[in-house]
file start.cif (mmCIF, C-alpha atoms)
data_entry
loop_
_atom_site.group_PDB
_atom_site.id
_atom_site.type_symbol
_atom_site.label_atom_id
_atom_site.label_comp_id
_atom_site.auth_asym_id
_atom_site.auth_seq_id
_atom_site.Cartn_x
_atom_site.Cartn_y
_atom_site.Cartn_z
ATOM 1 C CA MET Q 63 -8.952 -17.267 6.389
ATOM 2 C CA LYS Q 64 -9.765 -15.079 3.399
ATOM 3 C CA LYS Q 65 -11.777 -12.730 5.647
ATOM 4 C CA ILE Q 66 -8.815 -12.358 7.978
ATOM 5 C CA LYS Q 67 -6.541 -11.689 5.026
ATOM 6 C CA PHE Q 68 -8.976 -9.085 3.749
ATOM 7 C CA LEU Q 69 -9.148 -7.378 7.153
ATOM 8 C CA LEU Q 70 -5.378 -7.468 7.680
ATOM 9 C CA THR Q 71 -4.874 -5.986 4.224
ATOM 10 C CA PHE Q 72 -7.519 -3.298 3.849
ATOM 11 C CA ILE Q 73 -8.055 -2.012 7.398
ATOM 12 C CA PRO Q 74 -4.428 -0.861 7.835
ATOM 13 C CA LEU Q 75 -4.383 0.554 4.307
ATOM 14 C CA SER Q 76 -7.665 2.409 4.897
ATOM 15 C CA LEU Q 77 -6.436 3.716 8.252
ATOM 16 C CA GLY Q 78 -3.265 5.053 6.619
ATOM 17 C CA ILE Q 79 -5.276 6.801 3.899
ATOM 18 C CA LEU Q 80 -7.601 8.223 6.548
ATOM 19 C CA ILE Q 81 -4.631 9.672 8.442
ATOM 20 C CA TYR Q 82 -3.418 11.266 5.219
ATOM 21 C CA LEU Q 83 -6.826 12.749 4.474
ATOM 22 C CA LEU Q 84 -7.479 14.082 7.960
ATOM 23 C CA TYR Q 85 -4.087 15.285 9.125
ATOM 24 C CA ARG Q 86 -1.699 15.753 6.207
ATOM 25 C CA SER Q 87 -1.328 18.609 3.745
ATOM 26 C CA ARG Q 88 -4.110 19.247 1.253
ATOM 27 C CA LYS Q 89 -1.516 19.523 -1.486
ATOM 28 C CA LEU Q 90 -1.037 15.751 -1.560
ATOM 29 C CA PHE Q 91 -2.160 13.745 -4.567
ATOM 30 C CA TYR Q 92 -5.042 12.068 -2.706
ATOM 31 C CA TYR Q 93 -6.891 15.372 -2.714
ATOM 32 C CA ASN Q 94 -7.135 15.247 -6.495
ATOM 33 C CA PHE Q 95 -9.446 12.256 -6.031
ATOM 34 C CA ILE Q 96 -11.504 14.212 -3.519
ATOM 35 C CA HIS Q 97 -12.044 16.970 -6.049
ATOM 36 C CA LEU Q 98 -12.696 14.417 -8.790
ATOM 37 C CA PHE Q 99 -15.486 12.751 -6.780
ATOM 38 C CA ASN Q 100 -16.776 16.149 -5.580
ATOM 39 C CA ILE Q 101 -16.628 15.245 -1.871
ATOM 40 C CA ASN Q 102 -14.422 18.153 -0.825
ATOM 41 C CA GLY Q 103 -17.072 19.543 1.555
ATOM 42 C CA TYR Q 104 -17.270 16.288 3.485
ATOM 43 C CA ILE Q 105 -13.495 16.035 3.793
ATOM 44 C CA VAL Q 106 -13.177 19.649 4.941
ATOM 45 C CA LEU Q 107 -15.828 19.009 7.588
ATOM 46 C CA ALA Q 108 -14.068 15.810 8.689
ATOM 47 C CA ARG Q 109 -10.704 17.630 8.822
ATOM 48 C CA GLU Q 110 -12.199 20.391 10.963
ATOM 49 C CA SER Q 111 -13.677 17.821 13.348
ATOM 50 C CA ALA Q 112 -10.440 15.826 13.447
ATOM 51 C CA HIS Q 113 -8.361 18.957 14.065
ATOM 52 C CA ILE Q 114 -9.546 18.918 17.668
ATOM 53 C CA TYR Q 115 -7.868 15.539 18.227
ATOM 54 C CA ARG Q 116 -4.584 16.377 16.481
ATOM 55 C CA PRO Q 117 -2.748 17.291 19.743
ATOM 56 C CA LEU Q 118 -3.430 13.778 21.042
ATOM 57 C CA PHE Q 119 -1.288 12.174 18.326
ATOM 58 C CA PRO Q 120 2.504 12.275 18.309
ATOM 59 C CA THR Q 121 4.074 13.335 15.039
ATOM 60 C CA TRP Q 122 5.170 9.785 14.161
ATOM 61 C CA VAL Q 123 1.503 8.724 14.036
ATOM 62 C CA ILE Q 124 0.744 11.404 11.459
ATOM 63 C CA TYR Q 125 3.925 11.186 9.392
ATOM 64 C CA SER Q 126 5.333 7.644 9.732
ATOM 65 C CA LEU Q 127 2.519 5.324 10.767
ATOM 66 C CA PRO Q 128 0.747 5.490 7.361
ATOM 67 C CA ASP Q 129 3.943 4.240 5.684
ATOM 68 C CA GLY Q 130 4.202 1.347 8.126
ATOM 69 C CA LEU Q 131 0.526 0.521 7.645
ATOM 70 C CA TRP Q 132 1.044 0.485 3.894
ATOM 71 C CA LEU Q 133 3.913 -2.018 4.171
ATOM 72 C CA PHE Q 134 1.928 -4.117 6.650
ATOM 73 C CA SER Q 135 -0.933 -4.277 4.121
ATOM 74 C CA VAL Q 136 1.404 -5.336 1.343
ATOM 75 C CA GLY Q 137 2.882 -8.022 3.583
ATOM 76 C CA SER Q 138 -0.479 -9.402 4.612
ATOM 77 C CA LEU Q 139 -1.562 -9.577 0.989
ATOM 78 C CA ILE Q 140 1.601 -11.401 -0.042
ATOM 79 C CA LEU Q 141 2.284 -13.667 2.948
ATOM 80 C CA LEU Q 142 -1.073 -14.869 4.208
ATOM 81 C CA CYS Q 143 -2.735 -17.951 2.718
ATOM 82 C CA ARG Q 144 0.142 -19.003 0.504
ATOM 83 C CA ASN Q 145 1.487 -22.470 -0.177
ATOM 84 C CA ARG Q 146 5.007 -21.407 -1.096
ATOM 85 C CA TYR Q 147 5.616 -19.292 1.970
ATOM 86 C CA PHE Q 148 9.390 -19.044 1.620
ATOM 87 C CA LEU Q 149 9.134 -17.752 -1.951
ATOM 88 C CA HIS Q 150 6.632 -15.097 -0.894
ATOM 89 C CA LEU Q 151 8.723 -14.173 2.110
ATOM 90 C CA ILE Q 152 11.690 -13.540 -0.206
ATOM 91 C CA TRP Q 153 9.455 -11.379 -2.419
ATOM 92 C CA PHE Q 154 8.223 -9.392 0.584
ATOM 93 C CA LEU Q 155 11.780 -9.009 1.889
ATOM 94 C CA PHE Q 156 12.696 -7.561 -1.516
ATOM 95 C CA ILE Q 157 9.835 -5.035 -1.233
ATOM 96 C CA TYR Q 158 10.881 -4.141 2.311
ATOM 97 C CA LEU Q 159 14.476 -3.552 1.218
ATOM 98 C CA LEU Q 160 13.262 -1.407 -1.700
ATOM 99 C CA THR Q 161 11.256 0.769 0.682
ATOM 100 C CA ILE Q 162 14.292 1.215 2.921
ATOM 101 C CA LEU Q 163 16.421 2.041 -0.129
ATOM 102 C CA GLN Q 164 13.803 4.521 -1.309
ATOM 103 C CA GLU Q 165 13.855 6.189 2.113
ATOM 104 C CA TYR Q 166 17.630 6.553 1.970
ATOM 105 C CA LEU Q 167 17.391 7.942 -1.577
ATOM 106 C CA GLN Q 168 15.154 10.644 -0.131
ATOM 107 C CA LYS Q 169 18.064 11.667 2.066
ATOM 108 C CA PHE Q 170 20.129 12.603 -0.967
ATOM 109 C CA PHE Q 171 17.560 13.510 -3.643
ATOM 110 C CA GLY Q 172 14.407 14.424 -1.742
ATOM 111 C CA GLY Q 173 13.076 17.273 0.281
ATOM 112 C CA HIS Q 174 9.890 19.182 0.893
ATOM 113 C CA GLY Q 175 8.014 19.848 -2.310
ATOM 114 C CA THR Q 176 9.684 17.074 -4.314
ATOM 115 C CA ALA Q 177 8.002 13.945 -5.648
ATOM 116 C CA VAL Q 178 10.728 11.848 -4.025
ATOM 117 C CA GLY Q 179 9.715 12.808 -0.479
ATOM 118 C CA THR Q 180 11.624 13.646 2.674
ATOM 119 C CA PHE Q 181 13.994 11.337 4.574
ATOM 120 C CA ASP Q 182 12.855 10.339 8.055
ATOM 121 C CA LYS Q 183 14.423 7.746 10.350
ATOM 122 C CA THR Q 184 11.023 7.171 11.938
ATOM 123 C CA ASP Q 185 9.726 5.912 8.574
ATOM 124 C CA ILE Q 186 12.455 3.266 8.576
ATOM 125 C CA ILE Q 187 11.432 2.232 12.090
ATOM 126 C CA ALA Q 188 7.763 2.053 11.005
ATOM 127 C CA PHE Q 189 8.716 -0.058 7.973
ATOM 128 C CA THR Q 190 10.757 -2.393 10.155
ATOM 129 C CA TYR Q 191 8.004 -2.824 12.745
ATOM 130 C CA ALA Q 192 5.492 -3.500 9.978
ATOM 131 C CA PHE Q 193 7.789 -6.043 8.327
ATOM 132 C CA VAL Q 194 8.521 -7.948 11.525
ATOM 133 C CA THR Q 195 4.903 -7.844 12.721
ATOM 134 C CA ILE Q 196 3.339 -9.219 9.550
ATOM 135 C CA VAL Q 197 6.037 -11.878 9.202
ATOM 136 C CA LEU Q 198 5.323 -13.066 12.756
ATOM 137 C CA ILE Q 199 1.558 -12.962 12.205
ATOM 138 C CA SER Q 200 1.884 -14.893 8.958
ATOM 139 C CA LEU Q 201 4.019 -17.537 10.658
ATOM 140 C CA VAL Q 202 1.379 -17.974 13.355
ATOM 141 C CA PHE Q 203 -1.404 -18.276 10.779
ATOM 142 C CA ARG Q 204 0.693 -20.672 8.746
ATOM 143 C CA LYS Q 205 1.131 -22.993 11.708
ATOM 144 C CA ILE Q 206 -2.476 -22.802 12.943
ATOM 145 C CA ASP Q 207 -4.162 -24.616 10.143
ATOM 146 C CA ASN Q 208 -2.979 -25.645 6.711
ATOM 147 C CA LYS Q 209 -6.368 -26.811 5.467
ATOM 148 C CA PHE Q 210 -7.595 -23.286 4.722
ATOM 149 C CA ARG Q 211 -4.831 -22.582 2.245
ATOM 150 C CA TYR Q 212 -5.877 -22.774 -1.331
ATOM 151 C CA LYS Q 213 -3.594 -24.363 -3.847
ATOM 152 C CA GLU Q 214 -2.309 -22.419 -6.819
ATOM 153 C CA ASN Q 215 0.438 -22.988 -9.267
ATOM 154 C CA LEU Q 216 3.674 -21.045 -9.052
ATOM 155 C CA TYR Q 217 3.030 -18.941 -12.165
ATOM 156 C CA ILE Q 218 -0.304 -17.651 -10.827
ATOM 157 C CA GLU Q 219 1.188 -16.874 -7.417
ATOM 158 C CA LEU Q 220 4.126 -14.958 -8.909
ATOM 159 C CA SER Q 221 1.937 -13.014 -11.321
ATOM 160 C CA GLU Q 222 -0.420 -12.126 -8.462
ATOM 161 C CA ASN Q 223 2.521 -10.926 -6.367
ATOM 162 C CA ILE Q 224 3.767 -8.719 -9.185
ATOM 163 C CA PHE Q 225 0.267 -7.339 -9.780
ATOM 164 C CA TYR Q 226 -0.354 -6.653 -6.075
ATOM 165 C CA THR Q 227 3.070 -5.076 -5.719
ATOM 166 C CA LEU Q 228 2.383 -2.697 -8.596
ATOM 167 C CA ILE Q 229 -1.018 -1.720 -7.196
ATOM 168 C CA PHE Q 230 0.356 -1.077 -3.720
ATOM 169 C CA PHE Q 231 3.356 0.752 -5.184
ATOM 170 C CA ILE Q 232 0.991 3.132 -6.937
ATOM 171 C CA ILE Q 233 -1.071 3.585 -3.771
ATOM 172 C CA GLY Q 234 2.089 4.155 -1.736
ATOM 173 C CA ILE Q 235 3.653 6.632 -4.141
ATOM 174 C CA LEU Q 236 0.515 8.785 -4.564
ATOM 175 C CA PRO Q 237 0.863 10.712 -1.274
ATOM 176 C CA ASN Q 238 4.327 11.930 -2.245
ATOM 177 C CA MET Q 239 3.180 13.360 -5.557
ATOM 178 C CA LEU Q 240 2.207 16.979 -5.927
#
call {"tool": "encode", "arguments": {"input": "start.cif", "output": "structure tokens"}}
result
Amino acid sequence: MKKIKFLLTFIPLSLGILIYLLYRSRKLFYYNFIHLFNINGYIVLARESAHIYRPLFPTWVIYSLPDGLWLFSVGSLILLCRNRYFLHLIWFLFIYLLTILQEYLQKFFGGHGTAVGTFDKTDIIAFTYAFVTIVLISLVFRKIDNKFRYKENLYIELSENIFYTLIFFIIGILPNML
């Protein structure tokens, strides 16, 4: 079960970062890491190769799918393999509502070139699909087999949720920074 949780957490997150690196502006914060690790040449080569395939992707794949993948990753990290499922579902619902609120705040305070970002209804749709999908997947996994769930106390589970939320918040906010 832990392998599935790992795959459902890090593959979508990695795919979203890959989309950012290959198809989004080079002014995004992720490119600071590329320069830091001195791998700019490899990324430029990958971007040039990927540029050929750009017409195959609709704009929502480039601009909204990474946000949905990020929320899906957060949900899989929080909801899978937990004993107190309802508590974690409430926590994840809170995160989902914060992302929707943040998107609406972009409508009034954001725009191109700001750290807040730009409002897009397609992002809200991507967030909603991600939320519903991971909740359904977690319910299926929860019903399949309870013996793989590890037991933790409530304090550890809550502190892990707060820690994971902060980490994913930082990862999610980085692309919007200049």
call {"tool": "resolve_selection", "arguments": {"input": "start.cif", "expression": "the PyMOL selection byres ((chain Q and resi 105) around 12)", "output": "list in words"}}
result
Leu80, Ile81, Tyr82, Leu83, Leu84, Tyr85, Arg88, Tyr92, Tyr93, Phe95, Ile96, His97, Phe99, Asn100, Ile101, Asn102, Gly103, Tyr104, Val106, Leu107, Ala108, Arg109, Glu110, Ser111, Ala112 and His113 of chain Q
call {"tool": "atom_distance", "arguments": {"input": "start.cif", "atom1": "atom CA of Q:Glu165", "atom2": "atom CA of Q:Asp185"}}
result
7.7 Å
call {"tool": "atom_distance", "arguments": {"input": "start.cif", "atom1": "atom CA of Q:Glu222", "atom2": "atom CA of Q:Asn94"}}
result
28.3 Å
call {"tool": "atom_distance", "arguments": {"input": "start.cif", "atom1": "atom CA of Q:Tyr147", "atom2": "atom CA of Q:Ile162"}}
result
22.3 Å
call {"tool": "closest_residue", "arguments": {"input": "start.cif", "among": "Q:Leu98, Q:Ile186, Q:Leu127, Q:Leu201", "to": "Q:Leu142", "atoms": "all atoms listed in the file"}}
result
Q:Leu201
call {"tool": "resolve_selection", "arguments": {"input": "start.cif", "expression": "the PyMOL selection byres ((chain Q and resi 157) around 12)", "output": "PyMOL selection string"}}
result
chain Q and resi 132-134+136-137+140+150-156+158-164+189-190+193+223-224+226-228+230-231
call {"tool": "closest_residue", "arguments": {"input": "start.cif", "among": "Q:Leu149, Q:Pro128, Q:Cys143, Q:Lys183", "to": "Q:Ile206", "atoms": "all atoms listed in the file"}}
result
Q:Cys143
call {"tool": "closest_atom_pairs", "arguments": {"input": "start.cif", "of": "stretch 153-197 of chain Q", "to": "stretch 64-73 of chain Q", "cutoff": "12 Å", "atoms": "only C-alpha atoms", "output": "tab-separated table"}}
result
residue	atom	partner	partner_atom	distance
Q:Ala192	CA	Q:Leu70	CA	11.8
Q:Thr195	CA	Q:Leu70	CA	11.5
Q:Ile196	CA	Q:Leu70	CA	9.1
call {"tool": "decode", "arguments": {"input": "start.cif", "residues": "stretch 72-164 of chain Q", "atoms": "C-alpha atoms", "output": "short mmCIF file (atom, residue, chain, number, x, y, z; two decimals), in the first residue's frame"}}
result
data_model
loop_
_atom_site.label_atom_id
_atom_site.label_comp_id
_atom_site.auth_asym_id
_atom_site.auth_seq_id
_atom_site.Cartn_x
_atom_site.Cartn_y
_atom_site.Cartn_z
CA PHE Q 72 4.97 11.66 -6.56
CA ILE Q 73 4.11 10.70 -10.15
CA PRO Q 74 1.40 13.38 -10.53
CA LEU Q 75 3.58 15.93 -8.73
CA SER Q 76 6.56 15.09 -10.96
CA LEU Q 77 4.40 15.24 -14.09
CA GLY Q 78 3.12 18.69 -13.09
CA ILE Q 79 6.67 19.95 -12.51
CA LEU Q 80 7.74 18.46 -15.84
CA ILE Q 81 4.94 20.34 -17.62
CA TYR Q 82 6.10 23.54 -15.96
CA LEU Q 83 9.71 22.96 -16.96
CA LEU Q 84 9.00 22.00 -20.56
CA TYR Q 85 6.13 24.26 -21.55
CA ARG Q 86 5.81 27.22 -19.19
CA SER Q 87 7.71 30.50 -19.05
CA ARG Q 88 11.37 30.44 -18.09
CA LYS Q 89 10.72 33.31 -15.70
CA LEU Q 90 9.06 30.98 -13.19
CA PHE Q 91 10.72 30.26 -9.87
CA TYR Q 92 11.54 26.64 -10.77
CA TYR Q 93 14.18 27.89 -13.18
CA ASN Q 94 16.17 29.31 -10.28
CA PHE Q 95 16.75 25.71 -9.19
CA ILE Q 96 17.86 24.81 -12.71
CA HIS Q 97 20.48 27.52 -12.62
CA LEU Q 98 21.45 26.57 -9.07
CA PHE Q 99 22.12 22.94 -10.07
CA ASN Q 100 23.76 24.05 -13.35
CA ILE Q 101 21.52 21.89 -15.56
CA ASN Q 102 20.25 24.72 -17.76
CA GLY Q 103 21.70 23.14 -20.93
CA TYR Q 104 19.78 19.91 -20.39
CA ILE Q 105 16.52 21.75 -19.75
CA VAL Q 106 16.97 23.95 -22.83
CA LEU Q 107 17.58 20.84 -24.93
CA ALA Q 108 14.52 19.14 -23.42
CA ARG Q 109 12.39 22.26 -24.04
CA GLU Q 110 13.51 22.40 -27.66
CA SER Q 111 12.64 18.73 -28.14
CA ALA Q 112 9.30 19.14 -26.35
CA HIS Q 113 8.43 22.23 -28.39
CA ILE Q 114 7.61 19.96 -31.32
CA TYR Q 115 4.81 18.32 -29.31
CA ARG Q 116 3.33 21.53 -27.90
CA PRO Q 117 0.59 21.79 -30.59
CA LEU Q 118 -0.73 18.39 -29.50
CA PHE Q 119 -1.68 19.67 -26.04
CA PRO Q 120 -4.67 21.91 -25.38
CA THR Q 121 -3.96 24.97 -23.28
CA TRP Q 122 -5.65 23.50 -20.18
CA VAL Q 123 -3.03 20.73 -20.11
CA ILE Q 124 -0.23 23.29 -19.98
CA TYR Q 125 -1.84 25.85 -17.69
CA SER Q 126 -4.37 24.03 -15.46
CA LEU Q 127 -3.43 20.36 -15.32
CA PRO Q 128 -0.30 20.96 -13.18
CA ASP Q 129 -2.47 22.64 -10.53
CA GLY Q 130 -4.88 19.70 -10.51
CA LEU Q 131 -1.99 17.24 -10.32
CA TRP Q 132 -0.59 19.15 -7.36
CA LEU Q 133 -3.90 18.92 -5.47
CA PHE Q 134 -4.25 15.24 -6.40
CA SER Q 135 -0.78 14.61 -4.92
CA VAL Q 136 -1.67 16.41 -1.72
CA GLY Q 137 -4.88 14.40 -1.45
CA SER Q 138 -3.17 11.08 -2.00
CA LEU Q 139 -0.60 11.92 0.65
CA ILE Q 140 -3.27 12.90 3.17
CA LEU Q 141 -6.06 10.41 2.45
CA LEU Q 142 -4.41 7.11 1.62
CA CYS Q 143 -3.43 4.66 4.37
CA ARG Q 144 -5.02 6.53 7.24
CA ASN Q 145 -6.97 5.18 10.18
CA ARG Q 146 -8.97 8.33 10.87
CA TYR Q 147 -10.21 8.81 7.34
CA PHE Q 148 -12.98 11.28 8.16
CA LEU Q 149 -10.58 13.60 10.00
CA HIS Q 150 -8.17 13.56 7.07
CA LEU Q 151 -10.98 14.08 4.61
CA ILE Q 152 -12.01 17.23 6.52
CA TRP Q 153 -8.39 18.42 6.42
CA PHE Q 154 -8.17 17.80 2.68
CA LEU Q 155 -11.52 19.52 2.11
CA PHE Q 156 -10.09 22.54 3.96
CA ILE Q 157 -7.06 22.54 1.62
CA TYR Q 158 -9.31 22.22 -1.42
CA LEU Q 159 -11.45 25.15 -0.29
CA LEU Q 160 -8.31 27.23 0.34
CA THR Q 161 -7.10 26.56 -3.20
CA ILE Q 162 -10.47 27.63 -4.60
CA LEU Q 163 -10.40 30.74 -2.41
CA GLN Q 164 -6.86 31.50 -3.56
#
